[in-house]
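Chemist: Can you read through this structure? Questions will come right after.
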Amino acid sequence: MSTATVTAEEIHPSLWRASQLARGRGRVVETGYPVLSAELPGGGWPVGALIDLMVQQAGVGELRLLRPALSGSGNRPVAFVQPPHTPDGLGLSYIGLPIEQVLRVKAQKTADALWSAEQILRAGSCGALIFWAQYAQASSLRRLHLAAQSSETLFVMVRPLAAVQDSSPALLRLALRPSADGLTVDIVKRRGPARAEPLSIPLQPTPVLLSRHARLSRRPLAEVAARGVPTEVVI
Amino acid sequence: MVITDGTARAAGVRLGMKRGGVLTLSPETEMHERDAAKEAAAQREVGVALMRFSPEVALLDEATVVVEVGASLRLFGGLLALCREAKAVLGALGLTARISAAPTGQGGWLLAKFGNRRVLKLASLEQRLAALPMMAVPEVRPFGDWLSGLGCETIADIRRLPRAGLQRRCGEHLLDSLDRAFGTAPELFDWLELPPTFSARIEMPDRLEDADGAVFGAHRLIVQLCGWLCAKQLAVTAIRLLLEHERGRDAIEPTSIDIALGEPTWKEEHLVRLLKERLHRIELAAPVIALRLDALKVESAAPASDTLFPEPGGSKEDHARLLELLVARLGEDNVLRPAPTADHRPEVANRWVPVTLKSKQQALPLGLPRPTWMLDGPVRLLMRQHRPFYGSPLRMVSPAERIEAGWFDGELVTRDYFVAQGEDQSCYWIYRERVSSRDAEEEQRWFLHGLFG
């Protein structure tokens with residue numbers, strides 16, 4: 001059949017087959033992790049679209065995962081809206097974020113937080129916006145997604161893992177779980193085929209400061225720590 | 001009766017009626033005394049607001065404002081767009097107007113009496129004016145009976161009369177006025193002079209209980225402010241809105257809203273948004289009866305950037321405006337930037353200051369392993385089999401970092417920090433409180449202090 005030989009993208013650039021990754025027409029930001037980039041349509045985080053990251057709890061490594069993309073946004077500010085805890089300035093600079101670009105917006109009410117996120121997207125002056133939301137209605141998500149489309153901002157929403165069940169207008173949805181050397185990433189939604197097996201992404205810098213060798217020595221670590229570890233084993 | 005609205009007309013109220021007649025026709029009619037001072041003030045408000053289109057604005061008789069826009073047409077995108085904008089400005093002031101344009105000021109004045117006419121060429125102006133009734137020209141009115149006795153109805157009829165005779169009988173003003181309208185005599189206007197400082201006040205039609213209701217009034221003031229700024233080529237960096245309360249025996253100090261801007265601005269939209277957010281937040285102590293707006297600090301306006309390729313994602317000014325907007329709604333303490341200080345205690349070192357606060361960046365130690373998230377207060381951890389427990393037993397994956405500081409300001413901390421890992425591989429920053437040898441018999445106390453995001 002002649003129809004079988006016609007590839008979808010020849011008909012229209014925004015068409016793709018269910019078995020292949022969409023060829024991103026929008027701009028993307030390099031993720032910094034080749035394993036992850038290979039699995040994302042366009043080869044990076046989409047800019048000007050909603051990205052959902054679902055974490056089991058704050059502090060699994062979501063910021064370290066985003067760090068290469070955030071530092072790649074040039075000199076434009078990075079806005080944190082309603083972060084779950086106080087971000088630590090030294091901690092941010094330790095993982096390599098330029099802290100003079102960080103803007104933190106605290107909001108008492110969800111409505112205020114949504115409003116702030118929308119204003120930041122509409123102004124478009126920030127290179128990236130990370131928005132933590134415990135609960136968000138589908139209508140507000142759609143509204144934010146629309147606002148994001150008119151901007152050149154990397155827009156990431158960090159939500160609890162339970163939100164995996166809900167539908168979302170996001171272009172890309174990832175579920176993050178901690179693993180021994182970084183993160184296990186489940187791709188919940190992307191423009192492309194579903195992927196069953198999770199990706200394993202090593203994150204740097206790891207908070208585990210004892211060397212692998214020291215851990216393999218099978219000594220009870222609490223005791224080691226209590227006695228004081230010789231400096232040689234510290235990376 | 002000078003002016004009526006649709007409902008009144010439907011009830012049969014006509015112009016020129018006496019009070020008694022109106023009340024007989026429809027007793028519920030609400031009548032207001034005509035207040036010449038208020039009319040003059042409103043005309044002046046319009047004049048100031050229209051200054052954004054041109055610095056040459058003149059207030060003329062019969063509630064008409066003339067603006068010389070000849071030089072501004074390109075800037076505002078043509079006559080039609082300019083008229084539309086002028087209409088929007090008047091709408092913000094709560095007024096409607098007939099807007100006409102003509103090559104002569106007097107001609108425009110006459111056209112505006114009869115509707116929205118836009119004429120660009122002198123020839124077509126002549127055509128249009130000729131068809132207007134002669135009584136539109138104020139100089140004709142004293143001679144109205146006499147001229148209609150001659151069979152004159154329109155301006156064209158008067159123009160057909162012999163000039164010399166007309167001048168002898170009616171004086172030179174009539175001919176002068178017509179000549180100015182038709183562009184054959186030069187026009188002179190008293191252009192509106194602006195005060196060197198801006199301060200405008202409006203009285204509310206009613207007592208306002210709710211600050212949100214003041215937005216419309218504030219918008220009227222802002223429109224005037226923007227006209228004043230444009231004419232003076234200034235930009236404002238601080239404004240103050242005073243909400244005046246009841247005067248008299250139980251007079252209360254007016255509530256004042258100060259708005260300081262990071263970037264000088266002359267944009268109406270931005271100022272209105274800032275005021276709206278601020279008004280939204282305040283609680284009124286008493287009903288508001290009047291508003292006053294003062295421009296506290298002004299500086300000369302910088303011309304717009306002429307960069308060929310605009311920066312993606314907006315300019316620095318856009319960002320400054322965004323920050324102002326966020327601060328206006330959320331408050332200064334909720335829009336923060338990091339400003340870590342050099343202190344060993346993590347909770348002291350992690351300092352966040354309002355974005356508006358300018359401070360010097362302190363030199364910081366590099367490469368300290370610190371968590372990304374810091375809990376607001378340390379959380380006491382449970383102990384299971386002499387090990388700290390948080391969801392699962394924690395095991396240490398780092399050597400201890402001893403922090404002992406704060407003896408100098410009475411907030412002594414003596415802690416050994418560790419990175420601990422739970423069974424699900426997530427890492428925590430925990431510490432053990434070091435105790436003096438006296439209390440050493442008690443069980444050690446562990447706290448969770450940070451998370452590695």
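The chains in the structure tokens are called A, B, ... from first to last as shown; in each chain the residues are counted from 1, and the ligands are counted from 1 in the order shown.
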When you look at A:Val78 with a cut-off of 12 Å (counting only C-alpha atoms), what residues show up, excluding the ones that are within fewer than 2 positions of it in the same chain? I need them as a count of residues only.
Modeler: 42
Chemist: Show me, as a PyMOL selection string, the residues of chain A whose atoms get within 6 Å of chain B, using only C-alpha atoms for the distance check.
Modeler: chain A and resi 59-63+85-89+91-92+94+103-106+124-125+152+178-180+208-210+221-222+225+229
Chemist: Could those residues be written to a file, using C-alpha atoms, as a JSON list (two decimals), in the first residue's frame?
Modeler:
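And here is the file that came out, out01.json:
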[["chain", "number", "residue", "atom", "x", "y", "z"],
["A", 59, "GLY", "CA", 13.70, 16.58, 48.58],
["A", 60, "VAL", "CA", 14.02, 13.56, 46.33],
["A", 61, "GLY", "CA", 16.33, 15.44, 43.98],
["A", 62, "GLU", "CA", 13.90, 17.42, 41.83],
["A", 63, "LEU", "CA", 16.06, 20.54, 41.89],
["A", 85, "HIS", "CA", 10.26, 24.45, 52.62],
["A", 86, "THR", "CA", 12.71, 27.30, 52.87],
["A", 87, "PRO", "CA", 15.27, 26.85, 50.12],
["A", 88, "ASP", "CA", 18.78, 27.12, 51.48],
["A", 89, "GLY", "CA", 20.91, 29.69, 49.68],
["A", 91, "GLY", "CA", 22.47, 24.53, 49.38],
["A", 92, "LEU", "CA", 21.34, 26.00, 46.07],
["A", 94, "TYR", "CA", 26.19, 23.85, 46.35],
["A", 103, "LEU", "CA", 13.40, 34.66, 43.22],
["A", 104, "ARG", "CA", 11.21, 33.11, 45.87],
["A", 105, "VAL", "CA", 7.52, 33.93, 46.07],
["A", 106, "LYS", "CA", 5.61, 32.91, 49.17],
["A", 124, "GLY", "CA", 7.83, 36.34, 30.53],
["A", 125, "SER", "CA", 10.89, 37.90, 32.10],
["A", 152, "GLU", "CA", 9.50, 31.69, 26.63],
["A", 178, "PRO", "CA", 14.68, 8.45, 44.87],
["A", 179, "SER", "CA", 17.16, 5.70, 44.09],
["A", 180, "ALA", "CA", 20.58, 4.73, 45.32],
["A", 208, "VAL", "CA", 26.07, 10.65, 50.14],
["A", 209, "LEU", "CA", 29.51, 11.74, 51.15],
["A", 210, "LEU", "CA", 30.99, 8.47, 52.28],
["A", 221, "LEU", "CA", 27.87, 3.23, 59.76],
["A", 222, "ALA", "CA", 26.39, 4.93, 62.77],
["A", 225, "ALA", "CA", 30.27, 8.22, 62.22],
["A", 229, "VAL", "CA", 35.77, 8.99, 60.07]]
Chemist: Tell me which protein, DNA and RNA residues are within 9 Å of A:Glu30, counting only C-alpha atoms, leaving out same-chain ones fewer than 4 positions away, and put them as number ranges by chain.
Modeler: A: 34, 37, 43-45, 68-69, 72
Chemist: From a backbone DSSP assignment, name each residue in stretch 248-333 of chain B labelled strand (DSSP E or B), as a list in words.
Modeler: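 In stretch 248-333 of chain B, DSSP puts these residues in strand (DSSP E or B): Thr255, Ser256, Ile257, Asp258, Ile259, Ala260, Leu261, Gly262, Glu263, Pro264, Thr265, Val288, Ile289, Ala290, Leu291, Arg292, Leu293, Asp294, Ala295, Leu296, Lys297, Val298, Glu299 and Ser300 of chain B.
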Chemist: Pull N, CA and C atoms from the residues just selected and write them as a PDB file, in the first residue's frame.
Modeler:
ATOM      1  N   THR B 255      -6.477  57.716  55.111  1.00  0.00           N
ATOM      2  CA  THR B 255      -5.640  56.536  54.916  1.00  0.00           C
ATOM      3  C   THR B 255      -4.736  56.811  53.729  1.00  0.00           C
ATOM      4  N   SER B 256      -3.459  56.546  53.906  1.00  0.00           N
ATOM      5  CA  SER B 256      -2.547  56.863  52.813  1.00  0.00           C
ATOM      6  C   SER B 256      -1.947  55.578  52.265  1.00  0.00           C
ATOM      7  N   ILE B 257      -1.914  55.478  50.955  1.00  0.00           N
ATOM      8  CA  ILE B 257      -1.292  54.335  50.293  1.00  0.00           C
ATOM      9  C   ILE B 257      -0.106  54.871  49.521  1.00  0.00           C
ATOM     10  N   ASP B 258       1.075  54.502  49.966  1.00  0.00           N
ATOM     11  CA  ASP B 258       2.287  54.938  49.280  1.00  0.00           C
ATOM     12  C   ASP B 258       2.743  53.838  48.356  1.00  0.00           C
ATOM     13  N   ILE B 259       3.019  54.202  47.131  1.00  0.00           N
ATOM     14  CA  ILE B 259       3.536  53.211  46.202  1.00  0.00           C
ATOM     15  C   ILE B 259       4.863  53.718  45.670  1.00  0.00           C
ATOM     16  N   ALA B 260       5.904  52.958  45.954  1.00  0.00           N
ATOM     17  CA  ALA B 260       7.216  53.304  45.430  1.00  0.00           C
ATOM     18  C   ALA B 260       7.495  52.353  44.282  1.00  0.00           C
ATOM     19  N   LEU B 261       7.972  52.901  43.201  1.00  0.00           N
ATOM     20  CA  LEU B 261       8.214  52.069  42.035  1.00  0.00           C
ATOM     21  C   LEU B 261       9.699  51.866  41.846  1.00  0.00           C
ATOM     22  N   GLY B 262      10.067  50.662  41.460  1.00  0.00           N
ATOM     23  CA  GLY B 262      11.473  50.366  41.219  1.00  0.00           C
ATOM     24  C   GLY B 262      11.958  51.061  39.960  1.00  0.00           C
ATOM     25  N   GLU B 263      11.100  51.072  38.960  1.00  0.00           N
ATOM     26  CA  GLU B 263      11.451  51.673  37.677  1.00  0.00           C
ATOM     27  C   GLU B 263      10.508  52.843  37.440  1.00  0.00           C
ATOM     28  N   PRO B 264      11.022  53.969  37.001  1.00  0.00           N
ATOM     29  CA  PRO B 264      10.100  55.064  36.690  1.00  0.00           C
ATOM     30  C   PRO B 264       9.130  54.652  35.582  1.00  0.00           C
ATOM     31  N   THR B 265       7.901  55.048  35.720  1.00  0.00           N
ATOM     32  CA  THR B 265       6.923  54.655  34.710  1.00  0.00           C
ATOM     33  C   THR B 265       5.975  55.796  34.410  1.00  0.00           C
ATOM     34  N   VAL B 288     -15.022  56.125  52.812  1.00  0.00           N
ATOM     35  CA  VAL B 288     -14.201  57.080  52.081  1.00  0.00           C
ATOM     36  C   VAL B 288     -15.111  58.078  51.388  1.00  0.00           C
ATOM     37  N   ILE B 289     -14.768  59.364  51.471  1.00  0.00           N
ATOM     38  CA  ILE B 289     -15.594  60.340  50.762  1.00  0.00           C
ATOM     39  C   ILE B 289     -14.841  60.995  49.611  1.00  0.00           C
ATOM     40  N   ALA B 290     -13.530  60.942  49.631  1.00  0.00           N
ATOM     41  CA  ALA B 290     -12.798  61.570  48.524  1.00  0.00           C
ATOM     42  C   ALA B 290     -11.446  60.888  48.360  1.00  0.00           C
ATOM     43  N   LEU B 291     -10.890  61.038  47.174  1.00  0.00           N
ATOM     44  CA  LEU B 291      -9.567  60.481  46.882  1.00  0.00           C
ATOM     45  C   LEU B 291      -8.656  61.610  46.444  1.00  0.00           C
ATOM     46  N   ARG B 292      -7.405  61.493  46.841  1.00  0.00           N
ATOM     47  CA  ARG B 292      -6.421  62.461  46.356  1.00  0.00           C
ATOM     48  C   ARG B 292      -5.187  61.698  45.920  1.00  0.00           C
ATOM     49  N   LEU B 293      -4.654  62.092  44.786  1.00  0.00           N
ATOM     50  CA  LEU B 293      -3.458  61.433  44.266  1.00  0.00           C
ATOM     51  C   LEU B 293      -2.356  62.467  44.118  1.00  0.00           C
ATOM     52  N   ASP B 294      -1.202  62.164  44.694  1.00  0.00           N
ATOM     53  CA  ASP B 294      -0.048  63.048  44.560  1.00  0.00           C
ATOM     54  C   ASP B 294       1.087  62.284  43.903  1.00  0.00           C
ATOM     55  N   ALA B 295       1.785  62.965  43.028  1.00  0.00           N
ATOM     56  CA  ALA B 295       3.017  62.389  42.496  1.00  0.00           C
ATOM     57  C   ALA B 295       4.140  62.869  43.405  1.00  0.00           C
ATOM     58  N   LEU B 296       4.740  61.946  44.140  1.00  0.00           N
ATOM     59  CA  LEU B 296       5.739  62.364  45.129  1.00  0.00           C
ATOM     60  C   LEU B 296       7.099  62.579  44.490  1.00  0.00           C
ATOM     61  N   LYS B 297       7.485  61.618  43.650  1.00  0.00           N
ATOM     62  CA  LYS B 297       8.816  61.729  43.055  1.00  0.00           C
ATOM     63  C   LYS B 297       8.695  61.537  41.559  1.00  0.00           C
ATOM     64  N   VAL B 298       9.259  62.446  40.830  1.00  0.00           N
ATOM     65  CA  VAL B 298       9.255  62.287  39.377  1.00  0.00           C
ATOM     66  C   VAL B 298      10.676  62.440  38.867  1.00  0.00           C
ATOM     67  N   GLU B 299      10.930  61.864  37.725  1.00  0.00           N
ATOM     68  CA  GLU B 299      12.194  62.124  37.054  1.00  0.00           C
ATOM     69  C   GLU B 299      11.929  62.133  35.562  1.00  0.00           C
ATOM     70  N   SER B 300      12.887  62.643  34.817  1.00  0.00           N
ATOM     71  CA  SER B 300      12.602  62.788  33.391  1.00  0.00           C
ATOM     72  C   SER B 300      12.537  61.401  32.752  1.00  0.00           C
TER      73      SER B 300
END
Chemist: Do you have the atom CA of A:Ala194-atom CA of A:Val28 distance handy?
Modeler: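 Atom-to-atom, atom CA of A:Ala194 and atom CA of A:Val28 are spaced 20.3 Å apart.
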Chemist: Fewer than 4 positions away in the same chain doesn't count, so skip those; otherwise give me all residues within 8 Å of A:Pro169, counting only C-alpha atoms, as a PyMOL selection string.
Modeler: chain A and resi 50+138+141-142+145
Chemist: What's around A:Pro202 at 12 Å? Count only C-alpha atoms, leave out sequence neighbours fewer than 5 positions away in its own chain, and write the answer as a list in words.
Modeler: Gly32, Tyr33, Pro34, Val35, Leu36, Gly61, Arg64, Leu65, Arg177, Pro178, Ser179, Ala180, Asp181, Gly182, Leu183, Thr184, Val185 and Pro207 of chain A
Chemist: Between atom CA of B:Phe76 and atom CA of B:Glu56, what distance in Å does the model show, to one decimal?
Modeler: 15.7 Å
Chemist: As an MDAnalysis selection string, list the residues of stretch 28-140 of chain A assigned to helix (DSSP H, G or I) by DSSP on the backbone atoms of this structure.
Modeler: chainID A and resid 34:37 41:43 62:71 89:94 99:101 110:123 138:140
Chemist: I'd like to know which of A:Ala162, A:Ile11, A:Met157, A:Leu203 is closest to A:Asp52, using only C-alpha atoms.
Modeler: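 Nearest to A:Asp52: A:Met157.
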Chemist: What does the distance between atom CA of B:Met383 and atom CA of B:Ile403 come to in Å, to one decimal place?
Modeler: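 Those two atoms sit 22.2 Å apart.
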Chemist: Point out the residue among A:Leu161, A:Lys109, A:Gly192, A:Ser150 with the least atom-to-atom distance to A:Gly42, counting only C-alpha atoms.
Modeler: A:Gly192
Chemist: I'd like to know which of B:Tyr431, B:Gly165, B:Gly107, B:Ala218 is closest to B:Leu178, using only C-alpha atoms.
Modeler: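 The shortest atom-to-atom distance to B:Leu178 comes from B:Gly107.
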Chemist: Would you please work out which residue, of A:Leu53, A:Ala107, A:Leu114, A:Ala38, is nearest to A:Leu176 when using only C-alpha atoms?
Modeler: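 Smallest separation from A:Leu176 among the options: A:Leu53.
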Chemist: I'd like the neighbourhood of stretch 195-203 of chain B as a ChimeraX atom specification, where a residue qualifies if any of its atoms comes within 12 Å (using only C-alpha atoms), though same-chain residues fewer than 6 positions away should be ignored.
Modeler: /B:38,41-42,44-45,48-49,93,214,216-229,231-236,238-246,288-299
Chemist: Have a look at A:Glu118, A:Glu39, A:Asp166, A:Asp112 and name the one nearest to A:Ser200; count only C-alpha atoms.
Modeler: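 Looking at the shortest contact to A:Ser200, the residue is A:Glu39.
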Chemist: Between A:Pro205, A:Gln20, A:Val55, A:Ser14, which has the minimum distance to A:Pro84 (counting only C-alpha atoms)?
Modeler: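 Of A:Pro205, A:Gln20, A:Val55, A:Ser14, the one nearest A:Pro84 is A:Val55, counting only C-alpha atoms.
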